[in-house]
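Colleague: Coordinates in input.txt, compact mmCIF, C-alpha atoms, are listed below.
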```txt
# COMPACT_ATOMS: atom_id res chain seq x y z
CA MET W 674 0.00 0.00 0.00
CA LEU W 675 1.27 3.49 -0.87
CA TYR W 676 0.77 6.52 1.30
CA GLY W 677 0.56 10.17 0.34
CA LEU W 678 2.84 12.56 2.15
CA ARG W 679 1.55 15.77 3.68
CA VAL W 680 3.45 18.83 2.50
CA GLY W 681 2.68 21.99 4.44
CA ALA W 682 -0.65 22.62 6.13
CA ASP W 683 -3.18 21.91 3.42
CA ARG W 684 -1.54 20.32 0.39
CA PHE W 685 -1.29 16.63 -0.34
CA ARG W 686 1.16 15.24 -2.85
CA CYS W 687 0.04 12.08 -4.61
CA ILE W 688 2.63 9.36 -5.04
CA GLY W 689 2.99 6.13 -6.90
CA ASP W 690 2.52 7.46 -10.46
CA CYS W 691 6.14 8.18 -11.26
CA GLU W 692 7.05 9.74 -14.57
CA THR W 693 10.04 8.13 -16.24
CA VAL W 694 13.11 9.57 -14.54
CA SER W 695 16.77 8.62 -14.39
CA GLN W 696 17.56 10.06 -10.97
CA SER W 697 18.63 7.68 -8.25
CA THR W 698 16.19 6.37 -5.65
CA ALA W 699 16.73 4.75 -2.27
CA ILE W 700 14.56 2.05 -0.75
CA ILE W 701 15.00 2.13 3.03
CA LEU W 702 13.72 -0.85 4.97
CA ALA W 703 12.10 0.41 8.17
CA ALA W 704 9.25 -1.99 8.94
CA GLY W 705 10.82 -3.89 11.81
CA LYS W 706 9.84 -4.14 15.43
CA SER W 707 12.12 -3.61 18.45
CA THR W 708 11.57 -7.12 19.80
CA ARG W 709 15.11 -7.75 21.02
CA MET W 710 15.26 -4.20 22.37
CA LYS W 711 12.18 -4.93 24.53
CA SER W 712 10.43 -1.86 23.16
CA GLU W 713 7.11 -1.02 21.50
CA MET W 714 8.72 1.92 19.70
CA PRO W 715 9.55 1.26 16.03
CA LYS W 716 13.16 0.19 15.87
CA VAL W 717 14.24 2.95 13.49
CA LEU W 718 12.94 5.71 15.79
CA HIS W 719 15.28 4.90 18.66
CA ASP W 720 17.55 7.79 19.55
CA ILE W 721 21.21 8.16 18.57
CA CYS W 722 22.71 11.40 19.89
CA GLY W 723 19.44 13.30 19.76
CA ARG W 724 18.11 11.96 16.44
CA SER W 725 16.39 8.80 15.29
CA MET W 726 18.60 6.22 13.65
CA LEU W 727 16.46 6.43 10.50
CA SER W 728 17.22 10.13 10.13
CA TYR W 729 20.93 9.36 9.70
CA VAL W 730 20.21 6.92 6.89
CA ILE W 731 17.97 9.47 5.17
CA GLU W 732 20.64 12.16 5.52
CA ALA W 733 23.33 9.94 3.99
CA CYS W 734 21.09 9.12 1.03
CA ARG W 735 20.29 12.76 0.39
CA GLY W 736 23.95 13.68 0.69
CA ALA W 737 24.81 11.07 -1.95
CA GLY W 738 22.44 12.74 -4.39
CA VAL W 739 19.44 10.44 -4.07
CA GLY W 740 16.42 12.23 -5.48
CA ARG W 741 13.59 10.05 -4.13
CA LEU W 742 13.28 8.09 -0.91
CA VAL W 743 10.93 5.12 -0.68
CA ILE W 744 10.64 3.98 2.93
CA VAL W 745 9.05 0.66 3.78
CA VAL W 746 7.11 0.79 7.05
CA GLY W 747 5.14 -1.77 9.01
CA HIS W 748 5.18 -1.87 12.80
CA ARG W 749 3.54 1.32 14.12
CA LYS W 750 3.85 2.87 10.69
CA ASP W 751 1.93 6.01 11.70
CA ASP W 752 4.61 6.87 14.26
CA VAL W 753 7.38 6.59 11.69
CA ILE W 754 5.47 8.62 9.08
CA ALA W 755 4.62 11.32 11.63
CA ALA W 756 8.28 11.67 12.62
CA PHE W 757 9.10 12.81 9.07
CA ALA W 758 5.90 14.68 8.24
CA ASP W 759 7.83 17.76 7.08
CA CYS W 760 9.80 15.87 4.41
CA ASP W 761 8.58 16.24 0.84
CA ASP W 762 10.89 13.70 -0.82
CA ILE W 763 9.62 10.53 0.89
CA VAL W 764 7.24 7.92 -0.47
CA TRP W 765 5.84 5.62 2.22
CA VAL W 766 5.12 1.99 1.39
CA GLU W 767 3.51 -0.44 3.83
CA GLN W 768 4.69 -4.01 4.33
CA THR W 769 1.79 -5.56 6.21
CA GLU W 770 3.59 -8.86 6.75
CA GLN W 771 7.33 -9.14 7.30
CA LYS W 772 8.43 -11.86 4.86
CA GLY W 773 12.08 -10.96 4.44
CA THR W 774 14.20 -8.24 2.88
CA GLY W 775 13.37 -9.28 -0.67
CA HIS W 776 9.65 -9.13 0.09
CA ALA W 777 10.04 -5.63 1.56
CA ALA W 778 11.73 -4.44 -1.63
CA GLN W 779 9.02 -6.12 -3.75
CA MET W 780 6.44 -3.92 -2.00
CA CYS W 781 8.01 -0.88 -3.69
CA LYS W 782 7.24 -1.95 -7.26
CA ASP W 783 4.28 0.40 -7.73
CA ALA W 784 6.12 3.30 -6.12
CA LEU W 785 8.99 2.88 -8.59
CA ALA W 786 6.91 2.35 -11.71
CA GLY W 787 8.50 4.32 -14.54
CA CYS W 788 11.68 5.09 -12.59
CA ASP W 789 14.66 3.62 -14.44
CA GLY W 790 17.62 5.13 -12.57
CA GLN W 791 19.79 3.46 -9.97
CA VAL W 792 18.09 2.17 -6.84
CA LEU W 793 19.85 1.84 -3.50
CA CYS W 794 18.36 -0.63 -1.03
CA ILE W 795 19.54 -0.31 2.56
CA ALA W 796 18.36 -0.97 6.10
CA GLY W 797 17.00 1.84 8.24
CA ASP W 798 18.70 0.55 11.40
CA MET W 799 22.28 1.28 10.31
CA PRO W 800 22.82 4.92 11.36
CA LEU W 801 26.60 4.73 10.89
CA ILE W 802 26.13 4.69 7.12
CA ARG W 803 28.17 7.38 5.35
CA GLN W 804 27.44 9.53 2.35
CA ASP W 805 30.76 8.74 0.68
CA THR W 806 30.13 4.99 0.99
CA LEU W 807 26.88 5.38 -0.93
CA GLU W 808 28.64 7.57 -3.49
CA GLN W 809 31.22 4.84 -4.05
CA LEU W 810 28.49 2.22 -4.39
CA LEU W 811 26.56 4.28 -6.95
CA ALA W 812 29.75 5.02 -8.90
CA GLU W 813 30.80 1.37 -9.01
CA ASN W 814 27.40 0.25 -10.21
CA ALA W 815 27.44 2.91 -12.93
CA ARG W 816 30.97 1.95 -13.95
CA THR W 817 30.27 -1.76 -14.35
CA GLY W 818 26.70 -1.62 -15.60
CA ASP W 819 25.88 -4.64 -13.43
CA ALA W 820 22.27 -5.28 -12.48
CA VAL W 821 23.25 -5.32 -8.81
CA THR W 822 26.28 -4.12 -6.86
CA LEU W 823 27.05 -4.58 -3.15
CA ALA W 824 29.11 -2.39 -0.85
CA THR W 825 30.99 -4.78 1.41
CA SER W 826 33.20 -4.59 4.48
CA ILE W 827 36.36 -6.41 5.52
CA LEU W 828 36.21 -7.44 9.17
CA ASP W 829 38.76 -8.97 11.51
CA ASP W 830 35.96 -11.13 12.90
CA PRO W 831 33.41 -11.94 10.17
CA THR W 832 31.42 -14.35 12.34
CA SER W 833 27.66 -14.31 11.65
CA TYR W 834 28.00 -12.36 8.38
CA GLY W 835 27.46 -13.68 4.87
CA ARG W 836 30.82 -14.11 3.16
CA ILE W 837 31.69 -12.56 -0.21
CA ILE W 838 33.14 -15.31 -2.37
CA ARG W 839 35.23 -14.15 -5.33
CA ASP W 840 36.54 -16.13 -8.30
CA ASP W 841 40.13 -16.32 -9.58
CA ALA W 842 39.63 -13.02 -11.38
CA ASN W 843 38.51 -11.38 -8.10
CA ALA W 844 34.95 -11.00 -9.40
CA LEU W 845 31.95 -11.66 -7.17
CA ALA W 846 30.92 -15.29 -7.46
CA ALA W 847 28.52 -15.81 -4.55
CA ILE W 848 27.33 -14.78 -1.11
CA VAL W 849 27.45 -17.66 1.36
CA GLU W 850 25.70 -17.31 4.70
CA ASP W 851 27.79 -17.98 7.78
CA LYS W 852 25.92 -21.17 8.70
CA ASP W 853 26.48 -22.58 5.20
CA CYS W 854 30.19 -21.79 4.89
CA THR W 855 32.85 -24.42 4.39
CA GLU W 856 35.91 -24.18 6.62
CA ALA W 857 37.78 -22.36 3.86
CA GLN W 858 34.91 -19.92 3.25
CA ARG W 859 34.61 -19.24 6.95
CA LYS W 860 38.09 -17.68 6.84
CA VAL W 861 36.99 -15.08 4.29
CA CYS W 862 36.90 -11.65 5.93
CA GLU W 863 34.96 -9.74 3.25
CA VAL W 864 31.31 -9.71 4.25
CA ASN W 865 27.91 -8.58 3.06
CA VAL W 866 26.54 -5.73 5.21
CA SER W 867 23.33 -5.21 3.20
CA TYR W 868 24.12 -2.13 1.11
CA TYR W 869 22.77 -2.78 -2.40
CA CYS W 870 22.57 -0.77 -5.60
CA PHE W 871 20.37 -2.01 -8.44
CA ASP W 872 19.88 -1.00 -12.03
CA GLY W 873 16.28 0.18 -11.83
CA LYS W 874 15.39 -1.28 -15.24
CA ARG W 875 16.21 -4.82 -14.12
CA MET W 876 15.65 -4.69 -10.36
CA PHE W 877 12.11 -6.02 -10.25
CA ASP W 878 12.85 -8.76 -12.77
CA LEU W 879 15.28 -10.04 -10.13
CA LEU W 880 12.99 -9.40 -7.18
CA ASP W 881 9.99 -11.01 -8.84
CA ASN W 882 12.04 -14.15 -9.40
CA LEU W 883 12.87 -14.65 -5.70
CA SER W 884 11.82 -17.88 -4.02
CA ASN W 885 10.87 -18.43 -0.39
CA ASP W 886 11.91 -22.08 -0.50
CA ASN W 887 13.99 -21.90 2.66
CA ALA W 888 13.73 -22.73 6.36
CA LYS W 889 12.02 -19.44 7.25
CA GLY W 890 9.79 -19.23 4.19
CA GLU W 891 11.09 -15.71 3.48
CA TYR W 892 12.29 -13.84 0.39
CA TYR W 893 15.91 -12.74 0.69
CA ILE W 894 17.34 -9.87 -1.31
CA THR W 895 20.74 -11.58 -1.29
CA ASP W 896 19.33 -14.17 -3.70
CA THR W 897 19.21 -11.51 -6.44
CA VAL W 898 22.99 -11.82 -6.76
CA ALA W 899 22.94 -15.45 -7.85
CA ASP W 900 20.02 -14.81 -10.19
CA SER W 901 21.72 -11.84 -11.82
CA LEU W 902 24.90 -13.84 -12.40
CA LYS W 903 22.85 -16.71 -13.84
CA LYS W 904 21.09 -14.33 -16.24
CA GLY W 905 24.41 -12.85 -17.34
CA TRP W 906 23.41 -9.42 -16.08
CA GLY W 907 26.40 -9.08 -13.79
CA ALA W 908 26.77 -8.67 -10.05
CA GLY W 909 29.65 -6.96 -8.32
CA ALA W 910 30.99 -5.94 -4.94
CA VAL W 911 33.13 -3.03 -3.80
CA ALA W 912 34.74 -3.02 -0.35
CA ALA W 913 33.55 0.50 0.52
CA VAL W 914 32.17 0.12 4.06
CA PRO W 915 34.66 0.89 6.85
CA PRO W 916 34.64 -1.93 9.43
CA GLU W 917 33.35 0.37 12.16
CA ASP W 918 30.32 1.26 10.03
CA ALA W 919 29.17 -2.32 9.52
CA MET W 920 27.36 -2.61 12.83
CA GLY W 921 23.58 -2.74 12.85
CA ILE W 922 21.44 -2.42 15.97
CA ASN W 923 19.59 -5.37 17.46
CA SER W 924 19.72 -4.66 21.21
CA ARG W 925 19.96 -1.88 23.76
CA ALA W 926 23.63 -2.77 24.15
CA ASP W 927 24.14 -2.28 20.40
CA LEU W 928 22.30 1.04 20.64
CA ALA W 929 24.72 2.26 23.32
CA VAL W 930 27.78 1.14 21.34
CA VAL W 931 26.61 2.87 18.16
CA ALA W 932 25.67 6.04 20.06
CA ARG W 933 29.17 6.18 21.50
CA MET W 934 30.64 5.76 18.01
CA MET W 935 28.42 8.51 16.65
CA GLN W 936 29.43 10.72 19.56
CA GLY W 937 33.04 10.20 18.57
CA ARG W 938 32.26 11.39 15.04
CA ILE W 939 30.49 14.49 16.34
CA GLN W 940 33.32 15.40 18.66
CA ASP W 941 36.03 14.73 16.06
CA HIS W 942 34.22 17.02 13.64
CA TRP W 943 34.08 19.93 16.06
CA MET W 944 37.65 19.54 17.28
CA GLY W 945 38.62 19.70 13.61
CA GLN W 946 36.75 23.03 13.41
CA GLY W 947 38.75 24.66 16.19
CA VAL W 948 36.72 23.66 19.27
CA SER W 949 38.57 22.29 22.31
CA ILE W 950 37.01 19.35 24.14
CA VAL W 951 39.06 18.84 27.27
CA ASP W 952 37.78 15.35 28.08
CA PRO W 953 35.79 13.68 25.29
CA SER W 954 34.86 10.74 27.52
CA THR W 955 32.85 12.97 29.90
CA THR W 956 31.31 15.20 27.24
CA TRP W 957 28.12 14.51 25.28
CA ILE W 958 27.13 16.61 22.27
CA GLU W 959 23.89 15.89 20.46
CA SER W 960 23.43 16.05 16.72
CA ASP W 961 23.03 19.43 15.01
CA ALA W 962 24.58 21.45 17.84
CA THR W 963 26.99 24.09 16.49
CA PHE W 964 30.06 25.80 17.98
CA GLY W 965 32.17 28.82 17.13
CA LYS W 966 35.96 28.77 16.98
CA GLU W 967 38.06 28.96 20.13
CA THR W 968 35.22 27.66 22.27
CA ALA W 969 36.30 25.22 24.98
CA ILE W 970 34.14 22.45 26.44
CA TYR W 971 35.13 21.20 29.88
CA PRO W 972 34.37 17.84 31.54
CA PHE W 973 30.88 16.62 32.51
CA THR W 974 29.10 18.78 29.95
CA PHE W 975 25.97 18.02 27.93
CA VAL W 976 25.00 20.03 24.83
CA GLY W 977 21.50 19.40 23.48
CA ARG W 978 20.47 18.99 19.86
CA GLY W 979 20.48 22.15 17.79
CA ALA W 980 22.12 24.32 20.46
CA GLN W 981 24.10 27.22 18.99
CA ILE W 982 27.23 28.20 20.87
CA GLY W 983 29.25 31.18 19.70
CA ASP W 984 32.97 31.91 19.45
CA ALA W 985 35.34 31.88 22.43
CA CYS W 986 32.84 30.43 24.91
CA GLN W 987 33.74 28.37 27.97
CA ILE W 988 31.20 25.62 28.53
CA GLY W 989 31.51 23.62 31.73
CA PRO W 990 32.62 21.89 33.76
CA HIS W 991 29.29 20.38 34.86
CA ALA W 992 27.25 22.41 32.34
CA MET W 993 23.97 21.52 30.67
CA ILE W 994 23.02 23.37 27.51
CA PRO W 995 19.37 22.65 26.63
CA THR W 996 18.15 21.66 23.19
CA GLY W 997 18.03 24.62 20.82
CA GLU W 998 19.64 27.06 23.27
CA ILE W 999 21.63 30.00 21.86
CA ILE W 1000 24.81 31.01 23.69
CA ALA W 1001 26.38 34.32 22.69
CA SER W 1002 30.08 34.55 21.85
CA GLY W 1003 32.33 35.08 24.86
CA THR W 1004 29.88 33.51 27.31
CA THR W 1005 30.91 31.26 30.20
CA VAL W 1006 28.51 28.58 31.43
CA CYS W 1007 29.82 26.54 34.32
CA GLY W 1008 29.04 24.75 37.59
CA SER W 1009 25.41 23.77 38.00
CA SER W 1010 24.35 26.74 35.85
CA THR W 1011 22.40 26.20 32.65
CA ALA W 1012 22.28 28.55 29.70
CA GLU W 1013 19.44 30.51 31.29
CA ALA W 1014 21.71 31.42 34.19
CA GLN W 1015 24.84 32.25 32.26
CA VAL W 1016 27.33 34.79 33.62
```
Produce structure tokens that represent the structure in this file.
Modeller:
Amino acid sequence: MLYGLRVGADRFRCIGDCETVSQSTAIILAAGKSTRMKSEMPKVLHDICGRSMLSYVIEACRGAGVGRLVIVVGHRKDDVIAAFADCDDIVWVEQTEQKGTGHAAQMCKDALAGCDGQVLCIAGDMPLIRQDTLEQLLAENARTGDAVTLATSILDDPTSYGRIIRDDANALAAIVEDKDCTEAQRKVCEVNVSYYCFDGKRMFDLLDNLSNDNAKGEYYITDTVADSLKKGWGAGAVAAVPPEDAMGINSRADLAVVARMMQGRIQDHWMGQGVSIVDPSTTWIESDATFGKETAIYPFTFVGRGAQIGDACQIGPHAMIPTGEIIASGTTVCGSSTAEAQV
């Protein structure tokens, strides 16, 4: 089922009747529950440094030049749609039954009718995804002309991941799931982390040919690789995903690990912009906060999402800057004081 997307207060943009376009599209799979996280909240709405994990995936796609976003929702779909009500580039597609990744992508066929550009297909619970990784994936798919291309990662410990098996010419030959690996295949460190790019003209020929003849009775998007090779349409893989970005989120523990990694990215960015963070381990900066040059952040400080801190400020120790707060240049906020009680 396709959903319209509200744009502004009283307009409604119809979707699903796509004129023929060559721009790239992204399918983002966001229908899952938070079962292992012991939560009723949709998995993709869980917070990472002040933003939902899905918002990071959307941002990376937009940054890579994706023109249309097709997001597959299921569990508590209204909550997910409401969280992005101000976005005018999203098409919402409902997956009423979760029958595997391939089935989720199949649900997007009507939404992509007439769209013949490249199509990314990625999971909405991988917030560490980077714009430049997607750019590399799109470029490799365009270079080879293959019907499907994967962005892979090389891990020191590939346990539990599907292995990328290459032939003597170093071309992709197969994806073998961890449980099905031979001893030799188990030693392969290049793995599938579920970043796909399809040629839009041939994508649904591959998806429509998927079988659910497996133990779970599900349709797996990985099976498109073997089918594309069999058809002679080509399938490739580029090792473009840094090992630290390969982690998805399946538990509260995973959520904490990924949040800490994202926090490291945020802090590294601002230190590179001339901000001093005296003790990164006791500082927490949420997404979209901004800082002027020569500002120093002291230990045990929290800066909320979207806060704007000017030049040459001293923030902390033991400071709490609320979400969206504006701190003028030259201001000191310390002790138990918040921005409202600055001196």
Colleague: Which is closer to W:Leu702 than all the others in W:Ala929, W:Val764, W:Ile795, W:Cys722, using only C-alpha atoms?
Modeller: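 Among the listed residues, W:Ile795 lies closest to W:Leu702.
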Colleague: Can you measure atom CA of W:Phe871 to atom CA of W:Ala815 for me? One decimal in Å is fine.
Modeller: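 Spanning atom CA of W:Phe871 to atom CA of W:Ala815 is a straight-line distance of 9.7 Å.
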Colleague: Contacts between stretch 968-988 of chain W and stretch 904-959 of chain W, please, where a residue of stretch 904-959 of chain W counts if it comes within 6 Å (with all atoms listed in the file); show its shortest atom pair and distance in Å to one decimal, rows by chain and ascending number, as a tab-separated table.
Modeller:
```
residue	atom	partner	partner_atom	distance
W:Val948	CA	W:Thr968	CA	5.2
W:Ser949	CA	W:Ala969	CA	4.6
W:Ile950	CA	W:Ile970	CA	4.8
W:Val951	CA	W:Tyr971	CA	5.3
W:Asp952	CA	W:Pro972	CA	5.5
W:Thr955	CA	W:Phe973	CA	4.9
W:Thr956	CA	W:Thr974	CA	5.0
W:Trp957	CA	W:Phe975	CA	4.9
W:Ile958	CA	W:Val976	CA	4.8
W:Glu959	CA	W:Arg978	CA	4.7
```
Colleague: My list of candidates is W:Ser833, W:Thr822, W:Ser707, W:Thr774. Which is closest to W:Tyr893 when distances are computed with all atoms listed in the file?
Modeller: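 The answer is W:Thr774, which sits nearest to W:Tyr893.
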Colleague: Report, in Å with one decimal, the straight-line distance from atom CA of W:Trp906 to atom CA of W:Asp819.
Modeller: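 So the answer is 6.0 Å.
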Colleague: Skip W:Tyr868 itself and residues of its chain fewer than 5 positions away, then list as JSON, numbers by chain all residues within 12 Å of it, counting all atoms listed in the file.
Modeller: {"W": [699, 700, 701, 702, 730, 734, 774, 792, 793, 794, 795, 796, 797, 798, 799, 802, 803, 806, 807, 808, 809, 810, 811, 821, 822, 823, 824, 825, 826, 894, 895, 909, 910, 911, 912, 913, 914, 918, 919, 921]}
Colleague: Do you know which residues are at most 8 Å from W:Val717 counting all atoms listed in the file, after dropping those on the same chain fewer than 2 positions away, and could you put them as a ChimeraX atom specification?
Modeller: /W:703,705,715,719,725-727,753,797-798
Colleague: Select, from W:Thr817, W:Asn923, W:Thr963, W:Thr897, the residue with the minimum atom-to-atom distance to W:Ser712, counting only C-alpha atoms.
Modeller: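 Once distances to W:Ser712 are computed over only C-alpha atoms, the minimum belongs to W:Asn923.
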Colleague: Return the single residue from W:Pro800, W:Val739, W:Asn882, W:Glu813 that is closest to W:Gln779, with distances computed using only C-alpha atoms.
Modeller: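 Checking each of W:Pro800, W:Val739, W:Asn882, W:Glu813 against W:Gln779, counting only C-alpha atoms, the winner is W:Asn882.
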Colleague: To one decimal place in Å, what is the distance between atom CA of W:Gly818 and atom CA of W:Val743?
Modeller: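 Answer for the atom CA of W:Gly818 to atom CA of W:Val743 separation: 22.7 Å.
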Colleague: What lies within 10 Å of W:Ala846 using all atoms listed in the file, ignoring chain neighbours under 3 positions off, as a VMD selection string?
Modeller: chain W and resid 837 to 843 849 898 to 899 902 907 to 910
Colleague: Which of these, W:Asp830, W:Glu850, W:Glu863, W:Glu732, has the shortest distance to W:Asp896 once you count all atoms listed in the file?
Modeller: W:Glu850
Colleague: Set the distance at 10 Å and use only C-alpha atoms: which residues neighbour W:Ala756 once local chain neighbours fewer than 2 positions away are removed? I'd like the list as a PyMOL selection string.
Modeller: chain W and resi 718+725+727-728+751-754+758-760
Colleague: Supply stretch 805-829 of chain W as a compact mmCIF listing (two decimals), in the frame of the given file, with N, CA and C atoms built in where the input has gaps.
Modeller:
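Everything below was put into selection-v9.txt:
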```
# COMPACT_ATOMS: atom_id res chain seq x y z
N ASP W 805 29.75 9.10 1.67
CA ASP W 805 30.76 8.74 0.68
C ASP W 805 30.74 7.25 0.35
N THR W 806 30.29 6.41 1.29
CA THR W 806 30.13 4.99 0.99
C THR W 806 29.07 4.79 -0.08
N LEU W 807 27.95 5.48 0.06
CA LEU W 807 26.88 5.38 -0.93
C LEU W 807 27.33 5.95 -2.27
N GLU W 808 28.12 7.01 -2.25
CA GLU W 808 28.64 7.57 -3.49
C GLU W 808 29.53 6.57 -4.21
N GLN W 809 30.37 5.87 -3.45
CA GLN W 809 31.22 4.84 -4.05
C GLN W 809 30.40 3.71 -4.64
N LEU W 810 29.35 3.31 -3.92
CA LEU W 810 28.49 2.22 -4.39
C LEU W 810 27.78 2.61 -5.69
N LEU W 811 27.23 3.81 -5.75
CA LEU W 811 26.56 4.28 -6.95
C LEU W 811 27.55 4.36 -8.12
N ALA W 812 28.75 4.87 -7.84
CA ALA W 812 29.75 5.02 -8.90
C ALA W 812 30.20 3.67 -9.44
N GLU W 813 30.38 2.70 -8.56
CA GLU W 813 30.80 1.37 -9.01
C GLU W 813 29.73 0.70 -9.84
N ASN W 814 28.48 0.84 -9.43
CA ASN W 814 27.40 0.25 -10.21
C ASN W 814 27.30 0.91 -11.59
N ALA W 815 27.47 2.22 -11.64
CA ALA W 815 27.44 2.91 -12.93
C ALA W 815 28.61 2.50 -13.81
N ARG W 816 29.77 2.31 -13.19
CA ARG W 816 30.97 1.95 -13.95
C ARG W 816 30.84 0.58 -14.60
N THR W 817 30.32 -0.38 -13.85
CA THR W 817 30.27 -1.76 -14.35
C THR W 817 29.03 -2.05 -15.19
N GLY W 818 27.94 -1.33 -14.92
CA GLY W 818 26.70 -1.62 -15.60
C GLY W 818 26.03 -2.89 -15.11
N ASP W 819 26.49 -3.43 -13.98
CA ASP W 819 25.88 -4.64 -13.43
C ASP W 819 24.46 -4.37 -12.96
N ALA W 820 23.65 -5.42 -12.96
CA ALA W 820 22.27 -5.28 -12.48
C ALA W 820 22.21 -5.04 -10.98
N VAL W 821 23.22 -5.53 -10.25
CA VAL W 821 23.25 -5.32 -8.81
C VAL W 821 24.71 -5.24 -8.35
N THR W 822 24.95 -4.30 -7.45
CA THR W 822 26.28 -4.12 -6.86
C THR W 822 26.13 -4.02 -5.35
N LEU W 823 27.05 -4.63 -4.61
CA LEU W 823 27.05 -4.58 -3.15
C LEU W 823 28.22 -3.74 -2.66
N ALA W 824 28.01 -3.00 -1.58
CA ALA W 824 29.11 -2.39 -0.85
C ALA W 824 29.40 -3.32 0.33
N THR W 825 30.63 -3.79 0.41
CA THR W 825 30.99 -4.78 1.41
C THR W 825 31.97 -4.20 2.43
N SER W 826 32.25 -4.99 3.45
CA SER W 826 33.20 -4.59 4.48
C SER W 826 34.16 -5.73 4.75
N ILE W 827 35.36 -5.40 5.17
CA ILE W 827 36.36 -6.41 5.52
C ILE W 827 36.58 -6.34 7.02
N LEU W 828 36.21 -7.41 7.72
CA LEU W 828 36.21 -7.44 9.17
C LEU W 828 37.25 -8.41 9.71
N ASP W 829 37.84 -8.04 10.84
CA ASP W 829 38.76 -8.97 11.51
C ASP W 829 38.01 -10.21 11.99
```
